[in-house]
Each structure stands twice: as structure tokens, then as C-alpha cells.
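data-v5.txt follows; it contains compact mmCIF, C-alpha atoms.
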# COMPACT_ATOMS: atom_id res chain seq x y z
CA MET A 209 -34.00 -6.27 -24.66
CA THR A 210 -30.96 -7.13 -22.53
CA THR A 211 -31.86 -7.19 -18.86
CA LYS A 212 -29.99 -7.36 -15.57
CA THR A 213 -30.98 -8.59 -12.12
CA PHE A 214 -29.52 -9.33 -8.70
CA ARG A 215 -27.72 -12.58 -8.01
CA ILE A 216 -29.01 -14.02 -4.72
CA GLY A 217 -32.53 -15.32 -4.03
CA GLY A 218 -35.67 -13.57 -5.18
CA ILE A 219 -39.18 -14.60 -6.23
CA HIS A 220 -41.81 -13.65 -8.81
CA PRO A 221 -45.21 -13.02 -7.21
CA GLU A 222 -48.30 -12.93 -9.41
CA GLU A 223 -48.60 -9.47 -10.92
CA ASN A 224 -51.75 -7.48 -10.19
CA LYS A 225 -50.98 -4.04 -11.64
CA LEU A 226 -54.68 -3.23 -11.83
CA THR A 227 -54.06 0.53 -12.08
CA HIS A 228 -51.13 0.46 -14.53
CA GLU A 229 -52.88 2.54 -17.18
CA VAL A 230 -55.15 4.56 -14.87
CA ALA A 231 -54.11 8.23 -15.12
CA THR A 232 -53.41 10.01 -11.84
CA GLN A 233 -56.30 11.94 -10.31
CA VAL A 234 -55.91 14.84 -7.90
CA ALA A 235 -57.56 13.76 -4.67
CA PRO A 236 -59.98 16.27 -3.09
CA LEU A 237 -58.87 18.21 -0.03
CA PRO A 238 -59.65 16.51 3.27
CA LYS A 239 -61.93 18.21 5.80
CA GLN A 240 -59.30 17.62 8.45
CA ALA A 241 -55.63 16.77 7.98
CA ILE A 242 -53.57 14.67 10.40
CA PHE A 243 -49.78 15.08 10.42
CA PRO A 244 -47.88 12.48 12.48
CA LEU A 245 -44.56 13.83 13.72
CA SER A 246 -42.73 10.60 12.80
CA GLN A 247 -42.87 10.44 9.00
CA HIS A 248 -39.21 9.53 8.59
CA ILE A 249 -36.47 7.38 10.06
CA GLY A 250 -34.92 9.13 13.04
CA ALA A 251 -36.08 11.55 15.72
CA PRO A 252 -39.70 12.80 15.53
CA ALA A 253 -40.17 16.36 14.36
CA LYS A 254 -40.85 19.07 16.99
CA PRO A 255 -44.02 21.20 16.63
CA VAL A 256 -43.50 24.91 15.94
CA VAL A 257 -47.23 25.72 15.86
CA GLN A 258 -49.86 25.80 18.59
CA LYS A 259 -53.58 25.18 18.83
CA GLY A 260 -55.45 28.00 17.09
CA ASP A 261 -52.60 29.02 14.75
CA LYS A 262 -53.51 29.77 11.14
CA VAL A 263 -51.49 27.87 8.53
CA LYS A 264 -51.24 27.83 4.75
CA VAL A 265 -50.25 25.14 2.27
CA GLY A 266 -46.49 24.90 2.74
CA THR A 267 -46.35 26.36 6.27
CA LEU A 268 -43.80 24.71 8.57
CA LEU A 269 -45.63 22.69 11.22
CA ALA A 270 -42.72 20.91 12.87
CA GLU A 271 -38.95 21.27 12.64
CA ALA A 272 -36.41 18.46 12.50
CA GLY A 273 -35.90 16.91 15.93
CA GLY A 274 -32.24 16.00 15.41
CA PHE A 275 -29.66 15.37 12.71
CA VAL A 276 -31.44 12.25 11.46
CA SER A 277 -34.88 13.83 11.19
CA ALA A 278 -36.95 15.93 8.79
CA PRO A 279 -39.34 18.89 9.05
CA ILE A 280 -43.06 18.51 8.35
CA PHE A 281 -45.13 21.02 6.39
CA SER A 282 -48.85 21.63 6.14
CA SER A 283 -50.52 20.33 2.98
CA VAL A 284 -53.64 22.39 3.66
CA SER A 285 -54.66 25.85 4.82
CA GLY A 286 -56.74 26.32 7.93
CA THR A 287 -56.48 26.31 11.71
CA VAL A 288 -54.47 24.05 13.99
CA PHE A 289 -57.22 22.13 15.81
CA LYS A 290 -54.97 20.40 18.34
CA ILE A 291 -51.65 18.71 18.97
CA ASP A 292 -52.54 15.21 20.08
CA THR A 293 -51.93 11.60 19.10
CA ALA A 294 -53.26 9.67 16.11
CA ILE A 295 -52.88 6.18 14.69
CA ASP A 296 -50.36 6.14 11.86
CA ALA A 297 -49.36 3.47 9.33
CA THR A 298 -47.49 1.51 12.00
CA GLY A 299 -50.82 0.87 13.72
CA TYR A 300 -49.71 2.69 16.88
CA ARG A 301 -50.77 6.03 18.30
CA LYS A 302 -48.09 8.67 17.73
CA PRO A 303 -47.87 12.42 18.38
CA ALA A 304 -49.55 14.37 15.58
CA ILE A 305 -50.69 17.84 14.57
CA ILE A 306 -54.31 18.04 13.43
CA VAL A 307 -55.46 20.88 11.17
CA ASN A 308 -59.04 21.83 10.29
CA VAL A 309 -59.11 22.68 6.57
CA GLU A 310 -60.37 26.10 5.46
CA GLY A 311 -59.89 26.89 1.76
CA ASP A 312 -56.67 26.28 -0.15
CA GLU A 313 -54.30 29.21 0.38
CA TRP A 314 -50.64 28.55 -0.49
CA GLU A 315 -47.45 30.16 0.79
CA ASP A 316 -46.29 32.81 -1.69
CA SER A 317 -42.77 31.34 -1.85
CA ILE A 318 -43.97 28.22 -3.72
CA ASP A 319 -43.72 28.35 -7.52
CA ARG A 320 -46.96 26.77 -8.76
CA SER A 321 -46.25 27.25 -12.48
CA ASP A 322 -45.78 24.34 -14.90
CA LYS A 323 -42.57 25.83 -16.37
CA LEU A 324 -39.79 23.23 -16.45
CA GLU A 325 -36.73 24.60 -14.67
CA LEU A 326 -33.35 23.33 -15.87
CA VAL A 327 -30.18 23.07 -13.80
CA LYS A 328 -28.09 24.89 -16.43
CA ASP A 329 -30.28 27.98 -15.98
CA HIS A 330 -29.53 28.18 -12.23
CA PRO A 331 -25.81 28.79 -11.62
CA GLU A 332 -26.59 29.62 -7.98
CA LEU A 333 -27.30 25.93 -7.35
CA THR A 334 -24.03 24.75 -5.86
CA PRO A 335 -23.92 21.20 -4.44
CA GLU A 336 -24.20 22.68 -0.95
CA GLU A 337 -27.21 24.82 -1.88
CA ILE A 338 -28.97 21.82 -3.43
CA VAL A 339 -28.46 19.73 -0.29
CA THR A 340 -29.65 22.60 1.92
CA ARG A 341 -32.86 23.08 -0.07
CA ILE A 342 -33.57 19.34 0.01
CA LYS A 343 -33.01 19.28 3.78
CA ASP A 344 -35.14 22.38 4.43
CA ALA A 345 -38.02 21.00 2.33
CA GLY A 346 -38.30 17.82 4.39
CA VAL A 347 -37.57 15.46 1.49
CA VAL A 348 -37.16 11.81 2.51
CA GLY A 349 -37.02 8.49 0.68
CA MET A 350 -40.41 8.08 -0.99
CA GLY A 351 -40.20 4.33 -1.52
CA GLY A 352 -41.29 3.64 2.04
CA ALA A 353 -38.08 3.72 4.10
CA CYS A 354 -38.30 7.53 4.56
CA PHE A 355 -34.60 8.09 5.26
CA PRO A 356 -33.82 11.84 5.11
CA THR A 357 -32.48 12.47 1.60
CA PHE A 358 -29.90 15.12 2.48
CA ILE A 359 -27.99 12.63 4.64
CA LYS A 360 -27.52 10.24 1.71
CA LEU A 361 -26.03 13.12 -0.29
CA THR A 362 -23.42 13.84 2.38
CA PRO A 363 -21.76 10.45 2.99
CA PRO A 364 -19.13 9.96 5.71
CA PRO A 365 -15.47 10.66 4.85
CA THR A 366 -14.80 6.92 4.75
CA ALA A 367 -17.12 6.47 1.75
CA LYS A 368 -16.95 8.01 -1.72
CA ALA A 369 -19.99 8.27 -3.97
CA GLU A 370 -19.44 7.35 -7.62
CA CYS A 371 -23.00 7.28 -8.97
CA VAL A 372 -26.68 7.90 -8.22
CA ILE A 373 -29.09 5.03 -8.90
CA ILE A 374 -32.77 5.89 -9.27
CA ASN A 375 -35.03 3.12 -8.00
CA ALA A 376 -37.89 3.02 -10.52
CA VAL A 377 -38.36 -0.74 -10.09
CA GLU A 378 -41.71 -0.84 -8.25
CA CYS A 379 -41.53 -4.62 -7.85
CA GLU A 380 -44.47 -4.89 -5.39
CA PRO A 381 -47.15 -6.73 -7.40
CA TYR A 382 -50.00 -4.21 -6.98
CA ILE A 383 -48.44 -0.73 -6.80
CA THR A 384 -48.30 1.59 -9.85
CA ALA A 385 -47.78 5.07 -8.34
CA ASP A 386 -44.13 5.30 -9.46
CA TYR A 387 -45.02 4.09 -12.95
CA ARG A 388 -47.68 6.78 -13.36
CA LEU A 389 -45.25 9.38 -12.03
CA MET A 390 -42.69 8.37 -14.67
CA MET A 391 -45.24 8.50 -17.46
CA GLU A 392 -46.60 11.88 -16.38
CA HIS A 393 -43.48 13.71 -15.11
CA ALA A 394 -40.44 12.21 -16.84
CA ASP A 395 -38.83 15.62 -17.50
CA GLU A 396 -39.01 16.68 -13.88
CA ILE A 397 -37.62 13.32 -12.72
CA LEU A 398 -34.59 13.73 -14.98
CA VAL A 399 -33.94 17.23 -13.65
CA GLY A 400 -34.30 15.77 -10.15
CA LEU A 401 -31.71 13.13 -11.01
CA GLU A 402 -29.34 15.81 -12.29
CA LEU A 403 -29.80 17.74 -9.04
CA LEU A 404 -29.07 14.60 -7.03
CA MET A 405 -25.92 13.93 -9.08
CA LYS A 406 -24.74 17.51 -8.69
CA GLY A 407 -25.54 17.48 -4.98
CA ALA A 408 -23.61 14.23 -4.53
CA LYS A 409 -20.75 15.50 -6.74
CA VAL A 410 -20.91 12.57 -9.16
CA THR A 411 -21.33 12.51 -12.94
CA ARG A 412 -22.88 9.08 -13.50
CA GLY A 413 -26.53 8.19 -12.99
CA TYR A 414 -28.67 5.11 -13.58
CA ILE A 415 -32.42 4.57 -13.66
CA GLY A 416 -33.41 0.97 -12.95
CA ILE A 417 -36.81 -0.05 -14.37
CA GLU A 418 -38.31 -3.55 -14.59
CA THR A 419 -39.33 -4.82 -18.02
CA ASN A 420 -43.03 -4.91 -17.13
CA LYS A 421 -42.90 -1.14 -17.73
CA PRO A 422 -41.74 -0.98 -21.38
CA LYS A 423 -43.39 2.40 -22.02
CA ALA A 424 -41.51 3.97 -19.10
CA ILE A 425 -38.22 2.43 -20.26
CA ASP A 426 -38.70 3.83 -23.77
CA LEU A 427 -39.88 7.25 -22.56
CA LEU A 428 -37.07 7.83 -20.07
CA THR A 429 -34.43 6.44 -22.45
CA GLU A 430 -35.52 8.89 -25.14
CA LYS A 431 -35.79 11.87 -22.80
CA ALA A 432 -32.50 11.09 -21.03
CA ALA A 433 -30.70 10.99 -24.39
CA GLN A 434 -32.08 14.45 -25.17
CA ALA A 435 -31.54 15.97 -21.73
CA PHE A 436 -27.94 14.83 -21.29
CA SER A 437 -26.72 14.82 -24.91
CA ALA A 438 -24.44 17.83 -24.41
CA SER A 439 -23.86 17.35 -20.70
CA THR A 440 -20.95 16.26 -18.52
CA TYR A 441 -23.39 13.88 -16.83
CA HIS A 442 -23.86 10.35 -18.14
CA VAL A 443 -27.28 8.82 -17.47
CA GLU A 444 -28.29 5.28 -18.42
CA VAL A 445 -31.71 3.67 -18.20
CA VAL A 446 -31.17 0.05 -17.11
CA PRO A 447 -33.90 -2.52 -18.00
CA LEU A 448 -34.22 -5.07 -15.21
CA ALA A 449 -35.75 -8.54 -15.24
CA GLN A 450 -38.95 -8.92 -13.22
CA ARG A 451 -37.86 -10.21 -9.86
CA TYR A 452 -38.86 -9.36 -6.32
CA PRO A 453 -37.39 -7.67 -4.19
CA GLN A 454 -35.37 -5.85 -6.85
CA GLY A 455 -36.40 -2.52 -5.34
CA GLY A 456 -34.33 -3.27 -2.23
CA GLU A 457 -31.28 -0.99 -2.15
CA LYS A 458 -28.74 -3.78 -1.95
CA GLN A 459 -30.46 -5.85 -4.64
CA LEU A 460 -30.70 -2.82 -6.96
CA VAL A 461 -27.03 -1.95 -6.52
CA ASP A 462 -26.11 -5.55 -7.36
CA ALA A 463 -28.38 -5.58 -10.41
CA VAL A 464 -27.27 -2.23 -11.85
CA ILE A 465 -23.53 -1.93 -11.10
CA ARG A 466 -22.70 -5.52 -10.05
CA ARG A 467 -21.44 -4.61 -6.59
CA GLN A 468 -22.67 -6.28 -3.41
CA VAL A 469 -23.17 -4.20 -0.28
CA PRO A 470 -21.72 -5.89 2.83
CA ALA A 471 -23.77 -6.58 5.97
CA PRO A 472 -24.85 -3.69 8.23
CA PRO A 473 -23.61 -1.19 9.17
CA ALA A 474 -22.46 -1.01 5.51
CA ILE A 475 -24.74 0.98 3.18
CA PRO A 476 -24.78 1.39 -0.64
CA VAL A 477 -22.43 4.38 -0.62
CA ASN A 478 -19.75 2.10 0.85
CA VAL A 479 -19.59 0.53 -2.62
CA GLY A 480 -19.96 3.87 -4.40
CA ALA A 481 -23.74 4.08 -4.93
CA ILE A 482 -26.38 6.52 -3.68
CA VAL A 483 -29.85 5.02 -4.20
CA GLN A 484 -32.92 7.27 -4.42
CA ASN A 485 -36.52 6.41 -5.25
CA VAL A 486 -38.01 7.88 -8.43
CA GLY A 487 -40.59 9.69 -6.29
CA THR A 488 -37.73 11.22 -4.31
CA ALA A 489 -36.16 12.52 -7.54
CA PHE A 490 -39.46 14.24 -8.36
CA ALA A 491 -39.71 15.67 -4.83
CA VAL A 492 -36.12 16.94 -5.13
CA TYR A 493 -37.01 18.76 -8.35
CA GLN A 494 -39.99 20.41 -6.68
CA ALA A 495 -38.04 21.29 -3.53
CA VAL A 496 -35.01 22.79 -5.27
CA MET A 497 -36.57 24.32 -8.38
CA LYS A 498 -40.06 25.23 -7.17
CA HIS A 499 -39.35 25.90 -3.47
CA LYS A 500 -42.10 23.41 -2.70
CA PRO A 501 -41.80 21.45 0.55
CA LEU A 502 -42.78 17.80 0.61
CA PHE A 503 -46.47 17.74 1.51
CA GLU A 504 -48.13 15.64 -1.19
CA ARG A 505 -47.33 12.38 -2.98
CA TYR A 506 -48.46 9.90 -5.63
CA THR A 507 -50.32 6.97 -4.06
CA THR A 508 -52.00 3.89 -5.52
CA VAL A 509 -55.33 2.72 -4.04
CA THR A 510 -55.97 -0.80 -5.24
CA GLY A 511 -57.58 -4.18 -4.67
CA LYS A 512 -59.18 -6.87 -6.82
CA ARG A 513 -62.67 -6.16 -5.47
CA LEU A 514 -62.47 -2.37 -5.40
CA GLN A 515 -64.98 -0.83 -7.85
CA LYS A 516 -62.62 1.85 -9.18
CA PRO A 517 -58.99 1.35 -8.13
CA GLY A 518 -56.79 4.29 -9.08
CA ASN A 519 -53.70 6.45 -8.67
CA PHE A 520 -53.96 9.72 -6.79
CA LEU A 521 -51.95 12.84 -6.07
CA VAL A 522 -52.75 13.14 -2.38
CA ARG A 523 -52.19 15.87 0.17
CA MET A 524 -50.51 14.31 3.18
CA GLY A 525 -52.75 14.11 6.19
CA THR A 526 -55.70 12.85 4.11
CA GLN A 527 -57.20 9.76 5.73
CA MET A 528 -57.10 6.49 3.80
CA GLN A 529 -60.87 6.11 4.16
CA GLU A 530 -61.40 9.19 1.99
CA LEU A 531 -59.35 7.62 -0.83
CA ILE A 532 -61.12 4.29 -0.46
CA ASP A 533 -64.45 6.13 -0.78
CA LEU A 534 -63.21 7.67 -4.07
CA CYS A 535 -62.68 4.11 -5.32
CA GLY A 536 -66.21 2.98 -4.47
CA GLY A 537 -65.81 2.16 -0.79
CA MET A 538 -64.64 -0.91 1.08
CA PRO A 539 -65.80 -4.13 -0.65
CA ASP A 540 -68.28 -6.44 1.07
CA GLY A 541 -66.99 -9.48 2.93
CA ASP A 542 -63.59 -10.14 4.48
CA ASN A 543 -60.95 -7.50 3.75
CA LYS A 544 -57.42 -6.80 4.88
CA LEU A 545 -56.27 -3.17 4.67
CA LEU A 546 -52.57 -2.61 4.05
CA ALA A 547 -50.43 0.51 4.15
CA GLY A 548 -48.23 -0.48 1.21
CA GLY A 549 -48.32 -3.56 -0.97
CA PRO A 550 -49.06 -7.20 -0.10
CA MET A 551 -45.39 -8.17 0.24
CA MET A 552 -44.06 -5.49 2.61
CA GLY A 553 -47.16 -3.53 3.60
CA LYS A 554 -48.39 -3.29 7.19
CA ALA A 555 -51.91 -4.50 8.04
CA LEU A 556 -54.12 -1.86 9.67
CA THR A 557 -57.16 -2.18 11.90
CA SER A 558 -58.61 1.16 10.80
CA ALA A 559 -58.87 3.19 7.59
CA GLU A 560 -58.75 6.42 9.60
CA VAL A 561 -55.01 6.55 9.10
CA PRO A 562 -53.38 9.50 7.31
CA ILE A 563 -51.36 9.36 4.11
CA CYS A 564 -47.76 10.19 5.04
CA LYS A 565 -44.47 10.68 3.22
CA GLY A 566 -43.89 6.95 2.83
CA THR A 567 -47.41 5.85 1.84
CA ASN A 568 -46.99 4.66 -1.74
CA SER A 569 -50.09 2.48 -1.68
CA VAL A 570 -53.33 1.64 0.09
CA THR A 571 -54.04 -2.02 -0.75
CA ILE A 572 -57.20 -3.94 0.07
CA LEU A 573 -56.96 -7.72 -0.04
CA SER A 574 -60.36 -9.42 -0.11
CA GLY A 575 -61.80 -12.91 0.28
CA ASP A 576 -59.22 -15.71 0.40
CA ASP A 577 -56.40 -13.19 -0.14
CA ALA A 578 -57.33 -11.54 3.15
CA ARG A 579 -57.16 -14.74 5.19
CA ARG A 580 -54.01 -16.47 6.35
CA LYS A 581 -53.72 -20.20 5.90
CA GLU A 582 -53.11 -22.21 9.04
CA ALA A 583 -49.42 -22.74 9.79
CA GLU A 584 -48.16 -26.30 9.64
CA PRO A 585 -44.89 -27.89 10.83
CA CYS A 586 -41.75 -27.00 8.86
CA ILE A 587 -41.03 -29.70 6.25
CA ARG A 588 -37.32 -28.77 5.91
CA CYS A 589 -37.66 -27.97 2.21
CA ALA A 590 -35.28 -24.96 2.38
CA LYS A 591 -37.37 -22.95 -0.11
CA CYS A 592 -37.10 -19.96 2.24
CA VAL A 593 -33.30 -20.22 2.09
CA GLY A 594 -33.30 -20.26 -1.71
CA ALA A 595 -35.65 -17.27 -1.86
CA CYS A 596 -33.82 -15.03 0.64
CA PRO A 597 -32.13 -12.19 -1.29
CA MET A 598 -29.75 -11.58 1.62
CA GLY A 599 -28.43 -15.15 1.74
CA LEU A 600 -29.83 -15.77 5.23
CA GLU A 601 -31.54 -18.84 6.73
CA PRO A 602 -35.08 -17.58 7.46
CA TYR A 603 -36.34 -20.82 9.06
CA LEU A 604 -33.52 -20.58 11.61
CA LEU A 605 -33.93 -16.86 12.31
CA ALA A 606 -37.68 -17.35 12.81
CA LYS A 607 -37.10 -20.20 15.28
CA LEU A 608 -34.41 -18.27 17.18
CA SER A 609 -36.81 -15.35 17.48
CA GLU A 610 -39.59 -17.65 18.62
CA VAL A 611 -37.45 -19.10 21.45
CA LYS A 612 -35.88 -15.69 22.23
CA ASN A 613 -32.30 -16.77 21.59
CA TRP A 614 -31.17 -13.22 20.83
CA GLU A 615 -27.42 -13.88 21.05
CA ARG A 616 -27.59 -16.60 18.38
CA ALA A 617 -30.01 -14.51 16.28
CA GLU A 618 -27.49 -11.67 16.23
CA HIS A 619 -24.68 -14.09 15.37
CA GLU A 620 -26.79 -15.44 12.46
CA ASP A 621 -27.07 -11.85 11.13
CA ILE A 622 -30.78 -11.22 11.71
CA VAL A 623 -30.19 -7.47 11.33
CA SER A 624 -29.38 -8.01 7.63
CA CYS A 625 -33.00 -9.08 6.96
CA ILE A 626 -34.70 -6.51 4.71
CA GLU A 627 -38.19 -7.77 5.68
CA CYS A 628 -39.17 -8.40 2.06
CA GLY A 629 -41.39 -11.39 2.86
CA SER A 630 -39.93 -13.66 0.18
CA CYS A 631 -39.42 -16.43 2.73
CA GLN A 632 -42.98 -16.36 4.00
CA PHE A 633 -44.31 -16.17 0.44
CA THR A 634 -42.51 -19.35 -0.61
CA CYS A 635 -43.19 -21.42 2.53
CA PRO A 636 -45.44 -24.39 1.62
CA ALA A 637 -46.22 -24.85 5.33
CA HIS A 638 -47.53 -21.25 5.58
CA ARG A 639 -45.31 -20.54 8.58
CA PRO A 640 -45.21 -16.90 9.84
CA LEU A 641 -41.49 -16.57 9.12
CA LEU A 642 -41.40 -12.84 8.46
CA ASP A 643 -43.57 -12.05 11.48
CA ASN A 644 -41.20 -13.84 13.84
CA ILE A 645 -38.06 -12.49 12.17
CA ARG A 646 -39.38 -8.92 12.20
CA GLN A 647 -40.04 -9.11 15.95
CA GLY A 648 -36.66 -10.71 16.57
CA LYS A 649 -34.82 -8.18 14.44
CA GLY A 650 -36.38 -5.32 16.37
CA THR A 651 -35.34 -6.84 19.68
CA VAL A 652 -31.78 -7.56 18.55
CA MET A 653 -31.36 -4.06 17.15
CA GLY A 654 -32.52 -2.67 20.51
CA ILE A 655 -29.92 -4.83 22.29
CA ILE A 656 -27.20 -3.58 19.91
CA ARG A 657 -28.20 0.06 20.48
CA ALA A 658 -28.20 -0.40 24.25
CA ARG A 659 -24.77 -2.03 24.11
CA SER A 660 -23.39 0.81 22.00
CA ALA A 661 -24.81 3.43 24.37
CA LYS A 662 -22.83 1.92 27.26
CA LYS A 663 -19.51 2.24 25.44

Would you mind writing the file's structure down as C-alpha cells?
Amino acid sequence: MTTKTFRIGGIHPEENKLTHEVATQVAPLPKQAIFPLSQHIGAPAKPVVQKGDKVKVGTLLAEAGGFVSAPIFSSVSGTVFKIDTAIDATGYRKPAIIVNVEGDEWEDSIDRSDKLELVKDHPELTPEEIVTRIKDAGVVGMGGACFPTFIKLTPPPTAKAECVIINAVECEPYITADYRLMMEHADEILVGLELLMKGAKVTRGYIGIETNKPKAIDLLTEKAAQAFSASTYHVEVVPLAQRYPQGGEKQLVDAVIRRQVPAPPAIPVNVGAIVQNVGTAFAVYQAVMKHKPLFERYTTVTGKRLQKPGNFLVRMGTQMQELIDLCGGMPDGDNKLLAGGPMMGKALTSAEVPICKGTNSVTILSGDDARRKEAEPCIRCAKCVGACPMGLEPYLLAKLSEVKNWERAEHEDIVSCIECGSCQFTCPAHRPLLDNIRQGKGTVMGIIRARSAKK
């Protein structure tokens, strides 16, 4: 099998796909659902319900709070208990709507049938109508970044889209939610890709999948050949070598179409590519064809010491603790709870955190994996430089952040860091490179925003 990959940096963490062949289970309804108003990049959503209001599955809870924003819908039926704050996956308290669950009554507008809807059978679906339905359903990037999907489909006049690339890489070493989604809903994903191509007004699509998922490569290659055999759209499944962080937008564009995205503010569409997660393609199918807002997602719950790690279709607002209990409960001993995988996930101090649009995994590291090794002095080995997929100097950016030299950090392009953790993973001195760079990047971006606001 001929494979492709990106050209700069990268690592190969030990693979722990413990739930690779575990079929997806439908998680039970929570007793209470928590909906943070910031489940996307951009302005928080604005509540349109009040305490005491009755809601159904699919009822609008909060509308978009600006252009770069997304509405939030109820995943449960019941009564709005209160509008308050709750800890989300960032570890901070954020405004949230809390709903007490009563039954499971859905909005009548949602098509709950299993009938596969095809684009050719819906001539009313103009590119503009597709984008509008995606926007109104609150669809965002499901790989974790949570950028509103409709914005990617309407690039600025200075950029022209030439293709849609589906990110089915799932290079994080523990997560398998996207793989199970591909194995269980390949047809819907391909229709979702066609909708994305039509919405973006392009005729070429790619699906990038790493070679540790041979069944998914074979399945989607076969189904894509059937689905697009007599179509004006050309879709290619691209096998990719196993290499982290291949799921990064810029790395995936380089691997699939051999174009490198310049430093920010450049984005993939500046080199002709619109990148969407495979989960987003599925959500687009449901939003456009089934009139189903985004209120549930596929999530992996995993860890080496979990009794029954698994993949779940989860209603958003369900607390992580409820999923952990389904897997046998928190293991004994030292544990580290992550929202996401071990490379890019955020450590949490509580499991009473809701599943949101970007929660692709709940990972529990136990024993030695849960404990950091003591940092030692830098030995100038430059392994972090060789591993950085953005061609940066992580040791330098970390030191500049540590001493608060923000002007130099900006000059050294700290904002280009994609926070993949490759540098910290390779460091033989166990230095907290990513931690320092992440803090520095946030500060520098704030300085840049403040400077722009004064102009």
C-alpha cells in the first residue's frame, strides 16, 4: 500500500487503541444535562430559554452570539433547572444551561428514520441552502477545535477552495471514536462529504486515513467508488503513514495534496483546501438531510486500567463520570483524567464535566502514566526541534515564555505552535515545554489582539 505523510517533524507514540474493535454503545440518558455556552471557537452562545421552560430533544437553548459562534441545542427533554456556571473541559467555570431530564421527547422536525438520503434526490439543496442548514444546526469541527463549520465553507474573497479534505486520521494513540464512526456509518459520511463539496462549490474530495485502520481504508474506498462512479465529484481515499500529529490541518494538507500552509493568519483554504473532521461530515449529513441539530457525538472512554473501555454515542451534557461508571468506574490508585487523548488532551480535576461538541475522548492515565517525571536541565539535544511539525524551536519558545519575553516570542512565531505536544514527548530531560509554550502563546495572542483593536 502506497502511503503519504507530511514532511516536517512528527513522532510515533506507542499505540494504545484499546477500543479499536469495540462496537459503539448508546449511552443512557443523564439525569441532568449541562450545556456550557462556549462549545465552539468564538463568542459564547446567548440563552433563549429561562428557568422553568420545557424543552425537547432538539430544542434551541442558545443562539449564536456573533458571526464566529454557533447555536446550542438540547440533547434531552425536560425542564430548564437553572442558568448558572459549570466547569467545562477547560477546567474553568463557564456560563451554562442546566436541564433536568424528564423522558425522551424529540422535536417533530427531526427525521429519526434510518433511510439513507442521497444528494441527487434533493434538488432543493443549493450550496447556499446547505451552508444555511449547517449553520442553523450548530455544526462545528468535531475533532476538538470546534470552529463553526459554515465559516469554512464560505472563505474570504481572497481565497479559492479547490478541494475538501476529510480528516479521518485519528492519530492520538488512544482514541477510536472516529474509526468506529467510519466502520458503522460510512454511507452517511460519504453523503456528508458530498454535501461539503457542494456547499464549498468544489468537485474534488479526499479522505485521509492512517494505515493502522486498514478495514476503514478498504470500506471507504469500496463505498466511495460505488457512490461517486457516475458523479461529477471525484473522491479519493488517501492511505497515510502512521505519524503524529498528522491530524493537524496543516500537516494533513501537506500529506494529502503536497501544499504547505503559511504561518498565521494563513489557513488551509489559502492553499485551496477545506479540512473537515470525519465526525463533522457525519454531523453535516444529519443536519442537512435529517434536520437534526448537533446534540450528540461519538466519544471514546479509555484507559489501560479501565475494566471495560468502550466507544459511546453520547448525548451532550452527560457528565464524564457517568461514562466512566459504564466502563467499571475509576481505577484504584493514581489516575489522571483527560478531556481528549494523552497528547493534546486537557487534564481535569473533576469527572463532573459535561461531554461537549469537541469531546472526542475521555482518557484515564493510571499509575506511572499518570505521574510526570521530574524536569531536569536542558541537555541541548535539539530533539524537540526535530520533532516539531511546524519547524519551530520549542526549547527557545518555552524559555522565552518562562522569562516573559513576549516581543521575542512573537518574533520567533510562537503563534504558529499547534500545541501537539511532540516536543514535550521527545524531551529526554522531561521539561514542560508545551506547558510553557501554551501559556506564552495565549499571552502573545492577547497582545496581538489588543494591538489590532487599537488600529

Open item on the list: Between A:Thr526, A:Val307, A:Gln494, A:Glu229, which residue has the minimum interatomic distance to Lys423 in chain A, considering all atoms listed in the file?
Closed with: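 Smallest separation from Lys423 in chain A among the options: A:Glu229.
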
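Closest to Ala272 in chain A among A:Pro356, A:Lys259, A:Ile305, A:Thr411 is A:Pro356, based on only C-alpha atoms.
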
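Across the model, the gap from CA of Leu531 in chain A to CA of Asn519 in chain A is 9.7 Å.
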
- [ ] Enter the distance from CA of Ala424 in chain A to CA of Phe520 in chain A, in Å, rounded to one decimal.
- [x]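 Computing the Euclidean distance for CA of Ala424 in chain A and CA of Phe520 in chain A yields 18.4 Å.
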
Open item on the list: Taking all atoms listed in the file into account, name the residue in A:Pro303, A:Gly594, A:Gly346, A:Pro501 that is nearest to Asp319 in chain A.
Closed with: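 Comparing A:Pro303, A:Gly594, A:Gly346, A:Pro501 against Asp319 in chain A, the winner is A:Pro501.
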
Open item on the list: Restricting the calculation to only C-alpha atoms: of A:Ala408, A:Ile338, A:Ala658, A:Met209, which residue gets closest to Asp426 in chain A?
Closed with: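 Among A:Ala408, A:Ile338, A:Ala658, A:Met209, it is A:Met209 that comes nearest to Asp426 in chain A.
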
TODO: Could you check which of A:Phe289, A:Tyr603, A:Phe490, A:Phe214 is closest to Pro585 in chain A, using only C-alpha atoms?
DONE: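 Going through A:Phe289, A:Tyr603, A:Phe490, A:Phe214 one by one, the smallest distance to Pro585 in chain A is for A:Tyr603.
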
Task: Separation of CA of Ile374 in chain A from CA of Lys212 in chain A in Å - done: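 It comes out at 14.9 Å.
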
Task: Of the listed residues A:Ile306, A:Leu403, A:Ile417, A:Ala376, that which approaches Ala491 in chain A most closely, counting only C-alpha atoms - done: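 Going through A:Ile306, A:Leu403, A:Ile417, A:Ala376 one by one, the smallest distance to Ala491 in chain A is for A:Leu403.
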
Using all atoms listed in the file, which residues of range 313-375 of chain A come within 6 Å of range 550-567 of chain A, and what is the closest atom pair for each, with the distance in Å to one decimal? Give it as JSON lines, sorted by chain and residue number.
{"residue": "A:Met350", "atom": "CA", "partner": "A:Gly566", "partner_atom": "CA", "distance": 5.3}
{"residue": "A:Gly352", "atom": "CA", "partner": "A:Gly566", "partner_atom": "CA", "distance": 4.3}
{"residue": "A:Cys354", "atom": "CA", "partner": "A:Gly566", "partner_atom": "CA", "distance": 5.9}

Task: Residues within 9 Å of Arg616 in chain A, all atoms listed in the file, excluding chain neighbours under 5 positions, as an MDAnalysis selection string - done: chainID A and resid 605 608 621

- [ ] With a distance cut-off of 8 Å and only C-alpha atoms, select the neighbouring residues of Ser569 in chain A, excluding the residue or stretch itself and same-chain residues fewer than 3 positions from it, and output the selection as a PyMOL selection string.
- [x] chain A and resi 383+385+507-510+547-549
